[in-house]
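Dropping coords.csv in here (CSV, C-alpha atoms):
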chain,number,residue,atom,x,y,z
A,1211,MET,CA,0.0,0.0,0.0
A,1212,ARG,CA,1.6,3.2,-1.2
A,1213,GLU,CA,0.4,6.6,-2.3
A,1214,LEU,CA,3.1,8.9,-3.7
A,1215,TYR,CA,2.9,12.5,-4.9
A,1216,THR,CA,6.1,13.9,-6.3
A,1217,ASP,CA,7.3,16.1,-9.1
A,1218,LEU,CA,4.4,18.5,-8.4
A,1219,ASN,CA,4.9,22.2,-8.1
A,1220,ILE,CA,3.3,22.7,-4.7
A,1221,ARG,CA,4.4,25.9,-3.2
A,1222,PHE,CA,2.9,27.5,-0.1
A,1223,THR,CA,3.9,30.5,2.0
A,1224,VAL,CA,4.4,30.9,5.8
A,1225,GLU,CA,5.2,34.4,7.0
A,1226,GLN,CA,6.4,35.7,3.6
A,1227,THR,CA,8.6,32.7,3.1
A,1228,ASP,CA,8.1,30.1,0.3
A,1229,PHE,CA,7.9,26.4,1.2
A,1230,TYR,CA,8.1,23.7,-1.5
A,1231,ALA,CA,6.4,20.3,-0.9
A,1232,LEU,CA,8.6,18.1,-3.0
A,1233,ASN,CA,7.4,14.7,-1.8
A,1234,LEU,CA,4.3,13.4,-0.1
A,1235,VAL,CA,3.9,9.8,0.6
A,1236,PHE,CA,1.6,7.4,2.6
A,1237,GLU,CA,2.8,3.8,2.9
A,1238,ARG,CA,2.8,0.7,5.0
A,1239,PHE,CA,6.4,-0.2,5.7
A,1240,LEU,CA,7.3,-3.7,4.6
A,1241,ARG,CA,11.0,-2.8,4.3
A,1242,THR,CA,13.7,-1.1,6.4
A,1243,ILE,CA,14.7,2.4,5.3
A,1244,PRO,CA,18.5,2.7,5.7
A,1245,SER,CA,20.1,5.6,7.5
A,1246,HIS,CA,20.0,8.8,5.5
A,1247,SER,CA,19.8,12.6,6.0
A,1248,HIS,CA,18.5,15.7,4.1
A,1249,GLY,CA,20.3,18.7,2.9
A,1250,ASN,CA,20.2,22.4,3.9
A,1251,ASN,CA,16.7,23.9,4.5
A,1252,SER,CA,15.1,20.5,4.0
A,1253,TYR,CA,12.6,18.9,6.5
A,1254,GLU,CA,10.7,15.7,6.6
A,1255,ILE,CA,7.6,15.4,8.7
A,1256,HIS,CA,6.7,11.8,9.7
A,1257,TYR,CA,3.3,10.8,11.3
A,1258,ILE,CA,2.5,7.2,12.2
A,1259,PRO,CA,-1.3,6.6,12.3
A,1260,SER,CA,-1.0,2.8,13.0
A,1261,GLY,CA,1.5,0.0,13.4
A,1262,TYR,CA,4.8,-0.3,15.2
A,1263,GLY,CA,8.5,-0.2,14.7
A,1264,HIS,CA,11.5,1.9,15.7
A,1265,VAL,CA,13.6,4.7,14.2
A,1266,LYS,CA,17.2,5.4,14.9
A,1267,ILE,CA,17.9,9.2,14.9
A,1268,ASN,CA,21.5,10.4,15.3
A,1269,GLN,CA,22.4,7.0,16.8
A,1270,VAL,CA,19.5,7.0,19.3
A,1271,LEU,CA,16.8,4.4,19.1
A,1272,TYR,CA,13.1,5.5,19.5
A,1273,ASP,CA,10.1,3.2,19.6
A,1274,ILE,CA,7.3,3.9,17.0
A,1275,VAL,CA,3.7,3.5,18.2
A,1276,PRO,CA,0.4,4.8,16.8
A,1277,GLY,CA,0.2,8.6,17.0
A,1278,THR,CA,4.0,9.1,16.9
A,1279,LEU,CA,5.1,12.3,15.2
A,1280,TYR,CA,8.6,13.4,14.5
A,1281,ILE,CA,10.6,15.7,12.2
A,1282,THR,CA,14.0,15.2,10.7
A,1283,GLY,CA,15.6,18.4,9.4
A,1284,PRO,CA,18.8,19.3,7.7
A,1285,HIS,CA,21.6,16.7,8.3
A,1286,VAL,CA,19.7,14.7,10.9
A,1287,GLU,CA,20.6,11.0,10.3
A,1288,HIS,CA,17.6,8.6,10.6
A,1289,ALA,CA,16.8,5.0,9.7
A,1290,GLN,CA,13.4,3.3,10.0
A,1291,VAL,CA,12.7,-0.3,10.9
A,1292,PRO,CA,9.1,-1.6,10.9
A,1293,SER,CA,7.8,-4.3,13.2
A,1294,ARG,CA,7.4,-7.7,11.6
A,1295,GLU,CA,4.1,-8.5,13.4
A,1296,ASP,CA,2.4,-5.1,12.8
A,1297,PRO,CA,4.4,-2.9,10.4
A,1298,MET,CA,3.9,0.8,10.8
A,1299,CYS,CA,2.0,3.0,8.3
A,1300,GLU,CA,3.4,6.4,7.8
A,1301,TYR,CA,2.5,9.8,6.3
A,1302,CYS,CA,5.6,11.6,5.2
A,1303,VAL,CA,5.8,15.1,3.9
A,1304,TYR,CA,9.1,16.5,2.6
A,1305,VAL,CA,9.4,20.2,2.4
A,1306,LYS,CA,12.2,22.6,1.4
A,1307,VAL,CA,12.2,26.1,2.9
A,1308,GLY,CA,13.1,29.1,0.6
A,1309,LYS,CA,14.7,32.3,1.7
A,1310,GLY,CA,12.5,34.8,3.6
A,1311,LYS,CA,12.7,38.0,5.4
A,1312,LYS,CA,14.5,38.1,8.8
A,1313,LYS,CA,12.2,38.4,11.8
A,1314,ASN,CA,12.6,40.0,15.2
A,1315,PRO,CA,14.5,37.5,17.4
A,1316,GLN,CA,12.7,38.9,20.5
A,1317,THR,CA,9.4,37.5,19.2
A,1318,PRO,CA,10.1,34.1,17.5
A,1319,SER,CA,7.7,33.5,14.6
A,1320,VAL,CA,6.1,30.3,13.4
A,1321,LEU,CA,8.7,30.2,10.7
A,1322,GLU,CA,11.6,30.6,13.0
A,1323,LEU,CA,10.3,28.0,15.5
A,1324,PHE,CA,9.8,25.5,12.7
A,1325,THR,CA,13.2,26.0,11.0
A,1326,GLY,CA,14.9,26.2,14.4
A,1327,THR,CA,13.8,22.7,15.3
A,1328,PRO,CA,15.7,20.3,13.1
A,1329,PHE,CA,14.6,17.4,15.2
A,1330,TRP,CA,11.6,16.7,17.4
A,1331,PHE,CA,10.1,13.4,18.5
A,1332,GLY,CA,6.9,12.8,20.4
A,1333,GLN,CA,3.1,12.0,20.4
A,1334,ASP,CA,0.9,14.3,18.3
A,1335,SER,CA,-1.4,16.5,20.3
A,1336,GLN,CA,-2.9,18.5,17.4
A,1337,ASN,CA,-4.9,16.0,15.3
A,1338,ILE,CA,-2.4,15.9,12.5
A,1339,HIS,CA,-3.9,12.5,11.5
A,1340,GLY,CA,-7.1,14.3,10.4
A,1341,LEU,CA,-5.1,16.9,8.5
A,1342,MET,CA,-3.0,14.2,6.7
A,1343,LYS,CA,-6.1,12.3,5.7
A,1344,GLN,CA,-7.6,15.4,4.2
A,1345,LEU,CA,-4.4,16.4,2.4
A,1346,PHE,CA,-4.1,13.0,0.7
A,1347,TYR,CA,-7.9,13.0,-0.1
A,1348,GLU,CA,-7.5,16.3,-1.9
A,1349,LEU,CA,-4.5,15.1,-3.9
A,1350,GLU,CA,-6.2,11.9,-4.9
A,1351,ASN,CA,-9.6,13.3,-6.0
A,1352,ARG,CA,-8.6,16.7,-7.4
A,1353,TYR,CA,-12.0,18.3,-6.9
A,1354,THR,CA,-12.6,22.0,-7.7
A,1355,GLY,CA,-10.3,24.1,-5.5
A,1356,TYR,CA,-8.1,21.2,-4.4
A,1357,MET,CA,-4.8,23.1,-5.1
A,1358,ILE,CA,-5.9,25.9,-2.7
A,1359,GLN,CA,-6.9,23.3,-0.2
A,1360,VAL,CA,-3.6,21.5,-0.4
A,1361,GLU,CA,-1.6,24.7,0.1
A,1362,THR,CA,-3.8,25.7,3.1
A,1363,LEU,CA,-3.5,22.2,4.7
A,1364,LEU,CA,0.3,22.3,4.3
A,1365,THR,CA,0.4,25.7,5.9
A,1366,GLN,CA,-1.7,24.4,8.8
A,1367,LEU,CA,0.7,21.4,9.1
A,1368,ILE,CA,3.7,23.7,9.7
A,1369,ILE,CA,1.6,25.6,12.4
A,1370,LEU,CA,0.5,22.3,14.1
A,1371,MET,CA,4.1,21.1,14.1
A,1372,VAL,CA,5.1,24.2,16.0
A,1373,ARG,CA,2.2,23.8,18.4
A,1374,ASN,CA,3.4,20.3,19.2
A,1375,TYR,CA,6.8,21.6,20.0
A,1376,GLU,CA,5.5,24.4,22.2
A,1377,MET,CA,2.7,22.6,24.0
A,1378,LYS,CA,0.0,25.3,23.9
A,1379,SER,CA,2.2,28.3,24.4
A,1380,LYS,CA,0.4,31.6,23.8
A,1381,ALA,CA,1.2,33.7,20.7
A,1382,LYS,CA,3.4,36.8,21.2
A,1383,GLN,CA,1.8,38.8,18.5
A,1384,HIS,CA,-1.9,39.5,17.9
A,1385,PHE,CA,-4.3,41.2,15.5
A,1386,ALA,CA,-4.4,44.9,15.8
A,1387,PRO,CA,-7.8,46.5,16.7
A,1388,SER,CA,-9.9,47.4,13.7
A,1389,ASN,CA,-10.5,51.0,12.9
A,1390,LEU,CA,-13.8,52.7,12.2
A,1391,GLU,CA,-13.2,52.5,8.5
A,1392,ASP,CA,-13.0,48.7,8.6
A,1393,SER,CA,-15.6,48.1,11.3
A,1394,LYS,CA,-18.4,50.4,10.1
A,1395,PHE,CA,-19.9,47.7,7.9
A,1396,ILE,CA,-20.2,45.4,11.0
A,1397,ILE,CA,-21.9,48.3,12.8
A,1398,LEU,CA,-24.4,48.5,10.0
A,1399,GLU,CA,-25.1,44.8,9.9
A,1400,GLU,CA,-25.5,44.4,13.7
A,1401,TYR,CA,-27.6,47.6,14.0
A,1402,PHE,CA,-30.3,46.4,11.6
A,1403,LEU,CA,-30.1,42.8,12.8
A,1404,TYR,CA,-30.4,43.3,16.5
A,1405,GLU,CA,-32.0,46.7,17.1
A,1406,TYR,CA,-35.0,46.5,14.8
A,1407,GLN,CA,-37.4,47.8,17.5
A,1408,ASN,CA,-36.0,51.3,17.6
A,1409,LEU,CA,-34.1,52.0,14.4
A,1410,SER,CA,-33.1,55.7,14.1
A,1411,LEU,CA,-31.0,57.3,11.4
A,1412,ASP,CA,-29.6,59.8,14.0
A,1413,MET,CA,-28.6,57.0,16.3
A,1414,LEU,CA,-26.9,55.0,13.5
A,1415,ALA,CA,-25.1,58.1,12.4
A,1416,GLN,CA,-23.8,58.7,15.9
A,1417,ARG,CA,-22.6,55.1,16.1
A,1418,LEU,CA,-20.7,55.5,12.9
A,1419,GLY,CA,-19.4,58.9,13.7
A,1420,LEU,CA,-20.9,60.3,10.5
A,1421,SER,CA,-23.5,62.9,9.6
A,1422,ARG,CA,-27.0,61.9,8.5
A,1423,ARG,CA,-26.1,62.7,4.9
A,1424,GLN,CA,-22.9,60.6,5.1
A,1425,THR,CA,-24.8,57.7,6.7
A,1426,GLU,CA,-27.4,57.8,3.9
A,1427,ARG,CA,-24.6,57.8,1.3
A,1428,LEU,CA,-22.9,54.9,3.0
A,1429,LEU,CA,-26.1,52.8,3.1
A,1430,LYS,CA,-26.7,53.6,-0.6
A,1431,ASP,CA,-23.1,52.6,-1.5
A,1432,HIS,CA,-23.1,49.4,0.6
A,1433,TYR,CA,-26.6,48.1,0.1
A,1434,GLY,CA,-28.0,50.2,-2.7
A,1435,LYS,CA,-30.9,51.2,-0.4
A,1436,THR,CA,-32.0,54.1,1.8
A,1437,PHE,CA,-32.2,54.0,5.5
A,1438,GLN,CA,-36.0,53.8,5.4
A,1439,GLN,CA,-35.8,50.8,3.1
A,1440,LYS,CA,-33.3,49.0,5.4
A,1441,LYS,CA,-35.4,49.9,8.4
A,1442,THR,CA,-38.5,48.4,6.8
A,1443,GLU,CA,-36.6,45.3,5.7
A,1444,ALA,CA,-35.3,44.7,9.2
A,1445,LYS,CA,-38.7,45.1,10.9
A,1446,MET,CA,-40.4,42.9,8.3
A,1447,ALA,CA,-37.7,40.1,8.6
A,1448,ALA,CA,-38.2,40.2,12.4
A,1449,ALA,CA,-42.0,40.1,11.9
A,1450,ALA,CA,-41.8,37.0,9.8
A,1451,ILE,CA,-39.9,35.2,12.6
A,1452,LEU,CA,-42.2,36.4,15.3
A,1453,LEU,CA,-45.3,35.3,13.4
A,1454,SER,CA,-44.1,31.7,13.4
A,1455,ASP,CA,-44.7,31.7,17.2
A,1456,SER,CA,-48.4,30.9,17.4
A,1457,SER,CA,-48.6,32.0,21.0
A,1458,ARG,CA,-47.9,35.6,20.0
A,1459,THR,CA,-50.7,38.0,19.1
A,1460,ILE,CA,-50.3,40.3,16.1
A,1461,SER,CA,-50.8,43.3,18.4
A,1462,SER,CA,-48.0,42.2,20.7
A,1463,ILE,CA,-45.7,41.7,17.6
A,1464,ALA,CA,-46.6,45.2,16.4
A,1465,GLU,CA,-45.8,46.6,19.8
A,1466,GLU,CA,-42.4,44.8,20.0
A,1467,LEU,CA,-41.5,46.1,16.5
A,1468,GLY,CA,-42.2,49.7,17.6
A,1469,TYR,CA,-45.3,50.3,15.6
A,1470,SER,CA,-47.8,52.8,17.1
A,1471,SER,CA,-50.7,50.4,16.4
A,1472,GLY,CA,-51.6,47.0,15.0
A,1473,GLU,CA,-53.2,48.7,12.0
A,1474,HIS,CA,-50.0,50.5,11.1
A,1475,PHE,CA,-48.1,47.2,11.4
A,1476,SER,CA,-50.6,45.3,9.3
A,1477,ALA,CA,-50.5,47.9,6.6
A,1478,ALA,CA,-46.7,47.9,6.5
A,1479,PHE,CA,-46.6,44.1,6.5
A,1480,LYS,CA,-49.1,43.9,3.6
A,1481,ARG,CA,-47.1,46.4,1.5
A,1482,HIS,CA,-43.9,44.4,2.0
A,1483,TYR,CA,-45.2,40.8,1.6
A,1484,GLN,CA,-48.4,41.4,-0.5
A,1485,MET,CA,-50.4,39.5,2.1
A,1486,THR,CA,-51.7,40.2,5.6
A,1487,ALA,CA,-49.9,39.0,8.7
A,1488,ARG,CA,-52.8,36.6,9.4
A,1489,GLU,CA,-52.5,35.1,5.8
A,1490,TYR,CA,-48.7,34.9,6.2
A,1491,ARG,CA,-49.2,33.0,9.5
A,1492,LYS,CA,-51.6,30.5,7.9
A,1493,ASN,CA,-49.0,29.7,5.2
A,1494,ILE,CA,-46.1,29.0,7.5

For this file, write the structure as structure tokens.
Amino acid sequence: MRELYTDLNIRFTVEQTDFYALNLVFERFLRTIPSHSHGNNSYEIHYIPSGYGHVKINQVLYDIVPGTLYITGPHVEHAQVPSREDPMCEYCVYVKVGKGKKKNPQTPSVLELFTGTPFWFGQDSQNIHGLMKQLFYELENRYTGYMIQVETLLTQLIILMVRNYEMKSKAKQHFAPSNLEDSKFIILEEYFLYEYQNLSLDMLAQRLGLSRRQTERLLKDHYGKTFQQKKTEAKMAAAAILLSDSSRTISSIAEELGYSSGEHFSAAFKRHYQMTAREYRKNI
């Protein structure tokens, strides 16, 4: 049993540095792999989903059991010997790291933590088995978008390797807070979604830090609609949900939505849905 993917131009990027996946293989070992090592900037990730054996790394013998994960980087000598009774199966991904920008040594990056660990051996704590299965599934079936999936999964593999090394260490760097220019669209979405009872152009403008005219222009640019149109849509969407609750009276729904009377609510509902609230409720 052997699946091999080689001679493919698979390139992915980690922190502005190119990685090249030159060899991806899944196999059940029925033979011993003699001692060998890899050249500069080359790393081989090994994951054992099942079976047993042992591996000799830099003259030290390690037992292989299901869930074993290890990495052999540049010039790390290693040989693999499967068990005769229950030979190990292995996912192996060989990557070469290109040249990238230098980082701040005070805050080690994922890239630096990965390339700075030429050898690690242990039990996987990050569900790399699931990732490997998905990676080989994508390569085998080649469904729409599989190349993006493969690149994404390989990037995740590098991150999960580092998380195995660090055992749940917290990141040193974080996302910067969004500014109003970026967050104003979320303000719009949440305002109409959650505050449909008392929608006010003045209040929305205040939230956005804009004038009434600027707010109307923003709504027109983003939705192609006026404030009044968005207000009506929000109230009518909420009304449709509330009407599905048979214990609610139409009068109580009108009151919750901020209408001055049941008649005003009913008229607005019929204009929007071309049927009365009672007719709508019967059709649910």

Contacts of Ile1338 in chain A at 9 Å (all atoms listed in the file; same-chain gap of 5+ positions) as a list in words: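 Once the nearby chain positions are removed, what remains is Tyr1257, Gly1277, Leu1279, Lys1343, Leu1367, Leu1370 and Met1371 of chain A.
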
File of the preceding selection, C-alpha atoms, as an mmCIF file, keeping the file's coordinate frame:
data_model
loop_
_atom_site.group_PDB
_atom_site.id
_atom_site.type_symbol
_atom_site.label_atom_id
_atom_site.label_comp_id
_atom_site.auth_asym_id
_atom_site.auth_seq_id
_atom_site.Cartn_x
_atom_site.Cartn_y
_atom_site.Cartn_z
ATOM 1 C CA TYR A 1257 3.300 10.800 11.300
ATOM 2 C CA GLY A 1277 0.200 8.600 17.000
ATOM 3 C CA LEU A 1279 5.100 12.300 15.200
ATOM 4 C CA LYS A 1343 -6.100 12.300 5.700
ATOM 5 C CA LEU A 1367 0.700 21.400 9.100
ATOM 6 C CA LEU A 1370 0.500 22.300 14.100
ATOM 7 C CA MET A 1371 4.100 21.100 14.100
#

Residue nearest Met1342 in chain A - candidates A:Ala1477, A:Met1377, A:Val1360, A:Glu1322, atoms counted: only C-alpha atoms: A:Val1360

Contacts of Glu1213 in chain A at 9 Å (only C-alpha atoms; same-chain gap of 2+ positions) as a count of residues only: 8

Minimum-distance residue to Leu1418 in chain A, chosen among A:Cys1299, A:Ile1397, A:Val1286, A:Ile1220 (using all atoms listed in the file):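 With all atoms listed in the file as the atom set, the closest residue is A:Ile1397.
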
Need the shell around Leu1345 in chain A: protein/DNA/RNA residues with any atom at most 8 Å away, counting all atoms listed in the file. Skip same-chain ones fewer than 2 positions apart. Format as a JSON list (two decimals) with C-alpha atoms, keeping the file's coordinate frame?
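Saved the output as out02.json:
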[["chain", "number", "residue", "atom", "x", "y", "z"],
["A", 1341, "LEU", "CA", -5.10, 16.90, 8.50],
["A", 1342, "MET", "CA", -3.00, 14.20, 6.70],
["A", 1343, "LYS", "CA", -6.10, 12.30, 5.70],
["A", 1347, "TYR", "CA", -7.90, 13.00, -0.10],
["A", 1348, "GLU", "CA", -7.50, 16.30, -1.90],
["A", 1349, "LEU", "CA", -4.50, 15.10, -3.90],
["A", 1359, "GLN", "CA", -6.90, 23.30, -0.20],
["A", 1360, "VAL", "CA", -3.60, 21.50, -0.40],
["A", 1363, "LEU", "CA", -3.50, 22.20, 4.70],
["A", 1364, "LEU", "CA", 0.30, 22.30, 4.30]]

Can you pull out every residue within 12 Å of Gln1416 in chain A, counting all atoms listed in the file, but drop anything in the same chain fewer than 3 positions away, and send it as a short mmCIF file (atom, residue, chain, number, x, y, z; two decimals) with C-alpha atoms, in the coordinates of the input?
data_model
loop_
_atom_site.label_atom_id
_atom_site.label_comp_id
_atom_site.auth_asym_id
_atom_site.auth_seq_id
_atom_site.Cartn_x
_atom_site.Cartn_y
_atom_site.Cartn_z
CA LYS A 1394 -18.40 50.40 10.10
CA ILE A 1397 -21.90 48.30 12.80
CA LEU A 1398 -24.40 48.50 10.00
CA TYR A 1401 -27.60 47.60 14.00
CA SER A 1410 -33.10 55.70 14.10
CA LEU A 1411 -31.00 57.30 11.40
CA ASP A 1412 -29.60 59.80 14.00
CA MET A 1413 -28.60 57.00 16.30
CA GLY A 1419 -19.40 58.90 13.70
CA LEU A 1420 -20.90 60.30 10.50
CA SER A 1421 -23.50 62.90 9.60
CA ARG A 1422 -27.00 61.90 8.50
CA ARG A 1423 -26.10 62.70 4.90
CA GLN A 1424 -22.90 60.60 5.10
CA THR A 1425 -24.80 57.70 6.70
#

Close residues, Tyr1406 in chain A itself excluded, 8 Å, only C-alpha atoms, min 5 positions apart in chain, as a list of chain:residue names: A:Tyr1401, A:Lys1441, A:Ala1444, A:Lys1445, A:Ala1448, A:Leu1467

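With only C-alpha atoms as the atoms that count, the minimum distance from Ala1450 in chain A to the choices A:Leu1403, A:Leu1321, A:Leu1409, A:Ile1494 is reached by A:Ile1494.
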
Computed interatomic separation between CA of Gly1355 in chain A and CA of Asn1233 in chain A (Å):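 It comes out at 20.4 Å.
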
Computed interatomic separation between CA of Ser1457 in chain A and CA of Met1485 in chain A (Å):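 That distance, rounded to one decimal, is 20.4 Å.
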
Interatomic distance, CA of Asp1273 in chain A to CA of Arg1238 in chain A (Å, one decimal):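 Computing it gives 16.5 Å between the two atoms.
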
Step by step: start from the point (20.2, 8.3, 8.0) in the file's coordinates, keep every protein, DNA or RNA residue that has an atom no farther than 9 Å from it, count only C-alpha atoms, and write the set as a compact mmCIF listing (two decimals) with C-alpha atoms, keeping the file's coordinate frame.
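Output below, filename part-v9.txt:
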# COMPACT_ATOMS: atom_id res chain seq x y z
CA ILE A 1243 14.70 2.40 5.30
CA PRO A 1244 18.50 2.70 5.70
CA SER A 1245 20.10 5.60 7.50
CA HIS A 1246 20.00 8.80 5.50
CA SER A 1247 19.80 12.60 6.00
CA HIS A 1248 18.50 15.70 4.10
CA LYS A 1266 17.20 5.40 14.90
CA ILE A 1267 17.90 9.20 14.90
CA ASN A 1268 21.50 10.40 15.30
CA HIS A 1285 21.60 16.70 8.30
CA VAL A 1286 19.70 14.70 10.90
CA GLU A 1287 20.60 11.00 10.30
CA HIS A 1288 17.60 8.60 10.60
CA ALA A 1289 16.80 5.00 9.70
CA GLN A 1290 13.40 3.30 10.00

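Residue nearest Tyr1304 in chain A, chosen from A:His1256, A:Arg1488, A:His1339, A:His1264 and counting all atoms listed in the file: A:His1256.
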
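Each of A:Leu1240, A:Leu1452, A:Ala1381, A:Leu1218 was compared to Gly1263 in chain A using only C-alpha atoms, and A:Leu1240 turns out to be the nearest.
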